[in-house]
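Next comes model-v3.cif, a file with mmCIF, C-alpha atoms.
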```cif
data_coords
loop_
_atom_site.group_PDB
_atom_site.id
_atom_site.type_symbol
_atom_site.label_atom_id
_atom_site.label_comp_id
_atom_site.auth_asym_id
_atom_site.auth_seq_id
_atom_site.Cartn_x
_atom_site.Cartn_y
_atom_site.Cartn_z
ATOM 1 C CA MET A 1 0.000 0.000 0.000
ATOM 2 C CA LEU A 2 1.319 3.403 -0.920
ATOM 3 C CA SER A 3 0.286 6.369 1.201
ATOM 4 C CA GLY A 4 1.432 9.893 1.690
ATOM 5 C CA PRO A 5 0.072 13.403 1.792
ATOM 6 C CA SER A 6 -1.824 14.919 -1.079
ATOM 7 C CA GLY A 7 0.839 16.295 -3.430
ATOM 8 C CA ALA A 8 3.469 13.669 -2.557
ATOM 9 C CA GLY A 9 3.258 12.248 -6.073
ATOM 10 C CA LYS A 10 1.696 8.895 -5.193
ATOM 11 C CA GLY A 11 -0.394 8.766 -8.348
ATOM 12 C CA THR A 12 2.529 9.627 -10.592
ATOM 13 C CA VAL A 13 4.750 6.986 -8.973
ATOM 14 C CA VAL A 14 2.068 4.295 -9.186
ATOM 15 C CA LYS A 15 1.280 5.121 -12.822
ATOM 16 C CA GLU A 16 4.954 4.951 -13.819
ATOM 17 C CA TYR A 17 5.473 1.756 -11.816
ATOM 18 C CA ALA A 18 2.574 0.070 -13.610
ATOM 19 C CA ARG A 19 3.925 1.255 -16.975
ATOM 20 C CA ARG A 20 7.334 -0.308 -16.285
ATOM 21 C CA TYR A 21 6.281 -3.525 -14.549
ATOM 22 C CA SER A 22 3.527 -5.850 -15.707
ATOM 23 C CA ASP A 23 3.478 -8.114 -12.641
ATOM 24 C CA VAL A 24 1.342 -5.705 -10.618
ATOM 25 C CA PHE A 25 -2.331 -4.903 -10.232
ATOM 26 C CA VAL A 26 -3.112 -1.311 -9.347
ATOM 27 C CA SER A 27 -6.330 -1.109 -7.404
ATOM 28 C CA ILE A 28 -8.589 1.759 -8.434
ATOM 29 C CA SER A 29 -10.291 3.505 -5.549
ATOM 30 C CA ALA A 30 -13.844 4.779 -5.467
ATOM 31 C CA THR A 31 -14.511 8.366 -4.443
ATOM 32 C CA THR A 32 -17.391 10.755 -4.054
ATOM 33 C CA ARG A 33 -15.317 13.771 -5.113
ATOM 34 C CA ASP A 34 -15.663 15.281 -8.571
ATOM 35 C CA PRO A 35 -13.067 14.330 -11.203
ATOM 36 C CA ARG A 36 -10.163 16.706 -11.725
ATOM 37 C CA GLU A 37 -9.386 17.807 -15.255
ATOM 38 C CA GLY A 38 -8.199 14.836 -17.299
ATOM 39 C CA GLU A 39 -9.336 12.181 -14.799
ATOM 40 C CA LYS A 40 -11.530 9.385 -16.116
ATOM 41 C CA HIS A 41 -14.026 7.098 -14.416
ATOM 42 C CA GLY A 42 -12.618 3.581 -14.091
ATOM 43 C CA VAL A 43 -9.088 4.750 -14.887
ATOM 44 C CA ASN A 44 -8.119 7.195 -12.129
ATOM 45 C CA TYR A 45 -11.016 6.506 -9.765
ATOM 46 C CA PHE A 46 -14.506 5.117 -9.779
ATOM 47 C CA PHE A 47 -16.416 8.392 -9.359
ATOM 48 C CA ILE A 48 -19.612 7.516 -7.543
ATOM 49 C CA THR A 49 -22.369 9.255 -5.624
ATOM 50 C CA ASP A 50 -22.701 9.322 -1.857
ATOM 51 C CA GLU A 51 -25.649 6.939 -2.172
ATOM 52 C CA GLU A 52 -23.651 4.438 -4.273
ATOM 53 C CA PHE A 53 -20.762 4.657 -1.820
ATOM 54 C CA ASP A 54 -23.005 3.997 1.180
ATOM 55 C CA LYS A 55 -24.612 1.018 -0.579
ATOM 56 C CA MET A 56 -21.192 -0.566 -1.275
ATOM 57 C CA LYS A 57 -20.104 0.121 2.311
ATOM 58 C CA ASN A 58 -23.236 -1.507 3.732
ATOM 59 C CA GLU A 59 -22.736 -4.560 1.485
ATOM 60 C CA ASN A 60 -19.078 -5.038 2.620
ATOM 61 C CA GLY A 61 -17.910 -4.034 -0.841
ATOM 62 C CA PHE A 62 -14.789 -2.209 0.359
ATOM 63 C CA LEU A 63 -11.487 -3.471 1.766
ATOM 64 C CA GLU A 64 -11.371 -0.124 3.540
ATOM 65 C CA TYR A 65 -13.026 3.250 3.358
ATOM 66 C CA ALA A 66 -12.571 6.665 4.906
ATOM 67 C CA ASP A 67 -13.623 10.287 4.811
ATOM 68 C CA PHE A 68 -10.972 12.731 3.665
ATOM 69 C CA CYS A 69 -11.294 16.470 3.017
ATOM 70 C CA GLU A 70 -15.091 16.321 2.899
ATOM 71 C CA HIS A 71 -15.241 13.369 0.479
ATOM 72 C CA LYS A 72 -15.410 9.592 0.803
ATOM 73 C CA TYR A 73 -12.788 7.195 -0.552
ATOM 74 C CA GLY A 74 -12.758 3.407 -0.573
ATOM 75 C CA THR A 75 -11.011 0.407 -2.083
ATOM 76 C CA PRO A 76 -13.431 -1.921 -3.864
ATOM 77 C CA ARG A 77 -12.902 -5.415 -2.501
ATOM 78 C CA GLU A 78 -13.699 -7.611 -5.518
ATOM 79 C CA ASN A 79 -10.957 -6.644 -7.992
ATOM 80 C CA ALA A 80 -8.158 -6.484 -5.398
ATOM 81 C CA GLU A 81 -9.001 -9.898 -3.958
ATOM 82 C CA LYS A 82 -9.222 -11.422 -7.439
ATOM 83 C CA ALA A 83 -5.728 -10.120 -8.292
ATOM 84 C CA LEU A 84 -4.310 -11.435 -5.002
ATOM 85 C CA ASN A 85 -5.853 -14.840 -5.680
ATOM 86 C CA GLU A 86 -4.129 -14.813 -9.095
ATOM 87 C CA GLY A 87 -0.778 -14.283 -7.355
ATOM 88 C CA LYS A 88 -0.257 -10.694 -8.467
ATOM 89 C CA ASP A 89 1.273 -7.924 -6.403
ATOM 90 C CA VAL A 90 -1.421 -5.395 -5.579
ATOM 91 C CA ILE A 91 -0.795 -1.698 -5.066
ATOM 92 C CA LEU A 92 -3.339 0.310 -3.183
ATOM 93 C CA GLU A 93 -2.804 4.054 -3.462
ATOM 94 C CA ILE A 94 -4.441 4.839 -0.177
ATOM 95 C CA GLU A 95 -4.653 7.430 2.562
ATOM 96 C CA VAL A 96 -3.386 6.631 6.042
ATOM 97 C CA GLN A 97 -6.706 5.832 7.722
ATOM 98 C CA GLY A 98 -7.446 3.275 5.029
ATOM 99 C CA ALA A 99 -3.956 1.801 5.131
ATOM 100 C CA PHE A 100 -4.262 1.097 8.834
ATOM 101 C CA LYS A 101 -7.694 -0.484 8.327
ATOM 102 C CA VAL A 102 -6.337 -2.814 5.652
ATOM 103 C CA LYS A 103 -3.331 -3.674 7.855
ATOM 104 C CA GLU A 104 -5.715 -4.668 10.679
ATOM 105 C CA ASN A 105 -7.487 -7.092 8.344
ATOM 106 C CA ARG A 106 -4.378 -8.229 6.483
ATOM 107 C CA PRO A 107 -1.322 -8.207 8.759
ATOM 108 C CA ASP A 108 0.797 -9.301 5.774
ATOM 109 C CA ALA A 109 0.097 -6.021 3.971
ATOM 110 C CA VAL A 110 3.177 -3.852 3.451
ATOM 111 C CA LEU A 111 2.815 -0.154 4.179
ATOM 112 C CA VAL A 112 4.907 2.328 2.177
ATOM 113 C CA PHE A 113 4.801 6.057 2.960
ATOM 114 C CA THR A 114 5.949 8.609 0.407
ATOM 115 C CA VAL A 115 6.761 12.278 0.847
ATOM 116 C CA PRO A 116 8.335 15.007 -1.241
ATOM 117 C CA PRO A 117 11.792 16.182 -0.154
ATOM 118 C CA SER A 118 10.414 19.148 1.842
ATOM 119 C CA TYR A 119 7.307 20.950 3.056
ATOM 120 C CA GLU A 120 8.034 23.788 0.629
ATOM 121 C CA ILE A 121 8.049 21.418 -2.347
ATOM 122 C CA LEU A 122 4.806 19.850 -1.132
ATOM 123 C CA ARG A 123 3.184 23.283 -0.983
ATOM 124 C CA GLU A 124 4.510 24.181 -4.458
ATOM 125 C CA ARG A 125 3.137 20.938 -5.902
ATOM 126 C CA LEU A 126 -0.330 21.526 -4.477
ATOM 127 C CA ILE A 127 -0.447 25.115 -5.701
ATOM 128 C CA GLY A 128 1.009 24.089 -9.062
ATOM 129 C CA ARG A 129 -1.896 21.739 -9.746
ATOM 130 C CA GLY A 130 -4.128 24.761 -10.144
ATOM 131 C CA THR A 131 -7.162 22.646 -9.305
ATOM 132 C CA GLU A 132 -8.087 23.839 -5.823
ATOM 133 C CA SER A 133 -8.641 27.031 -3.879
ATOM 134 C CA MET A 134 -6.037 28.232 -1.375
ATOM 135 C CA GLU A 135 -8.502 27.311 1.389
ATOM 136 C CA VAL A 136 -8.542 23.684 0.224
ATOM 137 C CA ILE A 137 -4.754 23.706 -0.250
ATOM 138 C CA GLU A 138 -4.281 24.925 3.328
ATOM 139 C CA LYS A 139 -6.565 22.111 4.555
ATOM 140 C CA ARG A 140 -4.506 19.613 2.589
ATOM 141 C CA LEU A 141 -1.246 21.002 4.011
ATOM 142 C CA ASN A 142 -2.597 20.793 7.562
ATOM 143 C CA ARG A 143 -3.743 17.242 6.899
ATOM 144 C CA ALA A 144 -0.314 16.432 5.412
ATOM 145 C CA MET A 145 1.392 17.403 8.658
ATOM 146 C CA GLU A 146 -0.981 15.109 10.589
ATOM 147 C CA GLU A 147 -0.290 12.239 8.188
ATOM 148 C CA ILE A 148 3.493 12.668 8.297
ATOM 149 C CA LYS A 149 3.350 12.205 12.072
ATOM 150 C CA LEU A 150 1.939 8.714 11.381
ATOM 151 C CA ALA A 151 4.760 7.689 9.016
ATOM 152 C CA PRO A 152 6.647 5.772 11.764
ATOM 153 C CA ARG A 153 3.802 3.219 11.742
ATOM 154 C CA TYR A 154 4.720 2.293 8.154
ATOM 155 C CA ASP A 155 7.199 -0.338 6.998
ATOM 156 C CA TYR A 156 9.064 1.780 4.420
ATOM 157 C CA LEU A 157 9.588 5.425 3.435
ATOM 158 C CA ILE A 158 10.128 6.708 -0.100
ATOM 159 C CA ILE A 159 11.276 10.294 -0.546
ATOM 160 C CA ASN A 160 9.834 11.267 -3.910
ATOM 161 C CA ASP A 161 12.464 13.642 -5.215
ATOM 162 C CA THR A 162 12.375 12.171 -8.713
ATOM 163 C CA VAL A 163 9.815 9.769 -10.135
ATOM 164 C CA ASP A 164 12.511 7.414 -11.483
ATOM 165 C CA LYS A 165 14.140 7.015 -8.061
ATOM 166 C CA ALA A 166 10.780 6.600 -6.308
ATOM 167 C CA VAL A 167 9.729 3.882 -8.777
ATOM 168 C CA GLU A 168 12.990 2.006 -8.317
ATOM 169 C CA ASP A 169 12.675 2.301 -4.530
ATOM 170 C CA LEU A 170 9.181 0.826 -4.747
ATOM 171 C CA ARG A 171 10.476 -2.037 -6.900
ATOM 172 C CA ALA A 172 13.217 -2.715 -4.356
ATOM 173 C CA ILE A 173 10.560 -2.945 -1.641
ATOM 174 C CA PHE A 174 8.529 -5.479 -3.648
ATOM 175 C CA ASP A 175 11.682 -7.513 -4.305
ATOM 176 C CA ALA A 176 12.760 -7.420 -0.640
ATOM 177 C CA GLU A 177 9.323 -8.539 0.532
ATOM 178 C CA LYS A 178 9.391 -11.513 -1.850
ATOM 179 C CA CYS A 179 12.684 -12.626 -0.296
ATOM 180 C CA LYS A 180 11.505 -12.583 3.323
ATOM 181 C CA ILE A 181 11.600 -15.961 5.026
ATOM 182 C CA ASN A 182 7.984 -15.628 6.169
ATOM 183 C CA ASN A 183 6.920 -15.294 2.543
ATOM 184 C CA ASN A 184 8.821 -18.436 1.555
ATOM 185 C CA ILE A 185 7.867 -20.975 4.224
ATOM 186 C CA ASP A 186 6.110 -23.265 1.726
ATOM 187 C CA PHE A 187 9.203 -23.355 -0.484
ATOM 188 C CA ILE A 188 11.437 -24.165 2.486
ATOM 189 C CA LYS A 189 9.124 -26.969 3.625
ATOM 190 C CA GLU A 190 9.021 -28.476 0.132
ATOM 191 C CA PHE A 191 12.786 -28.204 -0.301
#
```
Could you quickly redo this structure as C-alpha cells?
Amino acid sequence: MLSGPSGAGKGTVVKEYARRYSDVFVSISATTRDPREGEKHGVNYFFITDEEFDKMKNENGFLEYADFCEHKYGTPRENAEKALNEGKDVILEIEVQGAFKVKENRPDAVLVFTVPPSYEILRERLIGRGTESMEVIEKRLNRAMEEIKLAPRYDYLIINDTVDKAVEDLRAIFDAEKCKINNNIDFIKEF
C-alpha cells in the first residue's frame, strides 16, 4: 500500500510503476469527489455518488473506506481480492486511515509512505496543480502534517524527489518482501 500526503506524487509513482512492470495490479479507488481535469471514471477513480458509496459500504464491498477532506474514498474489494488470488502484487494508493484499516485485516500487507523532499516542495506541488482554492490547499497542508506524524507506523519510506528514483525504490521494496523468510515458508518446507 502506498500512502502519503496529497501532493506527494503517489499517483505519478504508481502510474509509472505500472507502466514499467507488468506483474502488478493497481487497485482503483472509489470516491465521491468530482473528477479533476483529465481524470476518467474507471481509470483514475470510480467516481460515484454518496448513495452508491453507502450502498457498497453496507454490502461489505470495500477493503477499507474513509472520509478525507469532505469526500469519501474506498477500495473496492472484488478486484483487489481477485488479483491477489491470481498471485499478483497489488498496489493500493491509499490514505493513512485506510492503510491502517487494511493492515488490521491483512497483517501481511506492506505499508509504504511517500513524501516530497520538503514541506516547501509539497506546498509548491499543491499550488502548481491549479485545481483547488487556497482554502482547500491549506486544509490539505494541515492534513499532510498530521499524516506525516503517522509515518513511523509504516514499513518503508520513499522520498519522492524524482519519479525514477521513487519507482525504483518501490520495486526494491517489492523484491525485498518476496525474499523474506515468512513469505517463503512453503518453499522451504518443500525443499
Would you mind telling me which residue in A:Ala30, A:Leu150, A:Leu141, A:Leu111 lies nearest to Arg123 of chain A when using only C-alpha atoms? A:Leu141
Just want the 12 Å neighbourhood of Glu37 of chain A, counted on all atoms listed in the file, with same-chain residues fewer than 6 positions away dropped. Output as a VMD selection string. chain A and resid 44 129 to 132
Quick one: everything within 10 Å of segment 77-80 of chain A, counting all atoms listed in the file, minus sequence neighbours fewer than 2 positions away in the same chain. Send it as a ChimeraX atom specification. /A:25-29,56,60-64,74-75,82-86,88-92
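Of the residues under consideration (A:Cys179, A:Ala99, A:Met1, A:Cys69), A:Cys69 shows the shortest atom-to-atom contact distance to Ala144 of chain A when counting all atoms listed in the file.
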Taking the file as shown, find all residues satisfying the PyMOL selection byres ((chain A and resi 116) around 10) and write them as a VMD selection string. chain A and resid 4 to 5 7 to 10 114 to 115 117 to 123 125 158 to 162
Output C-alpha atoms for every residue in that selection, as a PDB file, in the frame of the given file.
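Writing done, so here's result-v8.pdb:
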```pdb
ATOM      1  CA  GLY A   4       1.432   9.893   1.690  1.00  0.00           C
ATOM      2  CA  PRO A   5       0.072  13.403   1.792  1.00  0.00           C
ATOM      3  CA  GLY A   7       0.839  16.295  -3.430  1.00  0.00           C
ATOM      4  CA  ALA A   8       3.469  13.669  -2.557  1.00  0.00           C
ATOM      5  CA  GLY A   9       3.258  12.248  -6.073  1.00  0.00           C
ATOM      6  CA  LYS A  10       1.696   8.895  -5.193  1.00  0.00           C
ATOM      7  CA  THR A 114       5.949   8.609   0.407  1.00  0.00           C
ATOM      8  CA  VAL A 115       6.761  12.278   0.847  1.00  0.00           C
ATOM      9  CA  PRO A 117      11.792  16.182  -0.154  1.00  0.00           C
ATOM     10  CA  SER A 118      10.414  19.148   1.842  1.00  0.00           C
ATOM     11  CA  TYR A 119       7.307  20.950   3.056  1.00  0.00           C
ATOM     12  CA  GLU A 120       8.034  23.788   0.629  1.00  0.00           C
ATOM     13  CA  ILE A 121       8.049  21.418  -2.347  1.00  0.00           C
ATOM     14  CA  LEU A 122       4.806  19.850  -1.132  1.00  0.00           C
ATOM     15  CA  ARG A 123       3.184  23.283  -0.983  1.00  0.00           C
ATOM     16  CA  ARG A 125       3.137  20.938  -5.902  1.00  0.00           C
ATOM     17  CA  ILE A 158      10.128   6.708  -0.100  1.00  0.00           C
ATOM     18  CA  ILE A 159      11.276  10.294  -0.546  1.00  0.00           C
ATOM     19  CA  ASN A 160       9.834  11.267  -3.910  1.00  0.00           C
ATOM     20  CA  ASP A 161      12.464  13.642  -5.215  1.00  0.00           C
ATOM     21  CA  THR A 162      12.375  12.171  -8.713  1.00  0.00           C
TER      22      THR A 162
END
```
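Using only C-alpha atoms, the smallest distance between any of A:Glu95, A:Asp23, A:Glu39, A:Glu81 and Glu147 of chain A comes from A:Glu95.
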Which residues of segment 63-150 of chain A sit at most 10 Å from segment 47-50 of chain A, using all atoms listed in the file? Give each one's shortest atom pair and distance in Å (one decimal place), in chain and ascending residue order, as CSV.
```
residue,atom,partner,partner_atom,distance
A:His71,CA,A:Asp50,CA,8.8
A:Lys72,CA,A:Asp50,CA,7.8
A:Tyr73,CA,A:Phe47,CA,9.6
```
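Across A:Asp108, A:Val24, A:Val14, A:Ser3, the tightest approach to Asn182 of chain A is made by A:Asp108 when counting only C-alpha atoms.
Between Ala151 of chain A and the candidates A:Phe113, A:Lys139, A:Val102, A:Asn184, the tightest atom-to-atom separation, counting only C-alpha atoms, involves A:Phe113.
Residue nearest Arg153 of chain A within the list A:Ile185, A:Val96, A:Leu126, A:Ala166: A:Val96 [criterion: smallest interatomic distance, all atoms listed in the file].
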Take the PyMOL selection byres ((chain A and resi 167-176) around 8), run it mentally on this structure, and tell me the resulting residues as a PDB file with C-alpha atoms, in the coordinates of the input.
```pdb
ATOM      1  CA  VAL A  13       4.750   6.986  -8.973  1.00  0.00           C
ATOM      2  CA  VAL A  14       2.068   4.295  -9.186  1.00  0.00           C
ATOM      3  CA  GLU A  16       4.954   4.951 -13.819  1.00  0.00           C
ATOM      4  CA  TYR A  17       5.473   1.756 -11.816  1.00  0.00           C
ATOM      5  CA  TYR A 156       9.064   1.780   4.420  1.00  0.00           C
ATOM      6  CA  ILE A 158      10.128   6.708  -0.100  1.00  0.00           C
ATOM      7  CA  VAL A 163       9.815   9.769 -10.135  1.00  0.00           C
ATOM      8  CA  ASP A 164      12.511   7.414 -11.483  1.00  0.00           C
ATOM      9  CA  LYS A 165      14.140   7.015  -8.061  1.00  0.00           C
ATOM     10  CA  ALA A 166      10.780   6.600  -6.308  1.00  0.00           C
ATOM     11  CA  GLU A 177       9.323  -8.539   0.532  1.00  0.00           C
ATOM     12  CA  LYS A 178       9.391 -11.513  -1.850  1.00  0.00           C
ATOM     13  CA  CYS A 179      12.684 -12.626  -0.296  1.00  0.00           C
ATOM     14  CA  LYS A 180      11.505 -12.583   3.323  1.00  0.00           C
TER      15      LYS A 180
END
```
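For the atom pair formed by atom CA of Gly38 of chain A and atom CA of Leu2 of chain A, the distance is 22.1 Å, given to one decimal.
Across the model, the gap from atom CA of Gly98 of chain A to atom CA of Pro76 of chain A is 11.9 Å.
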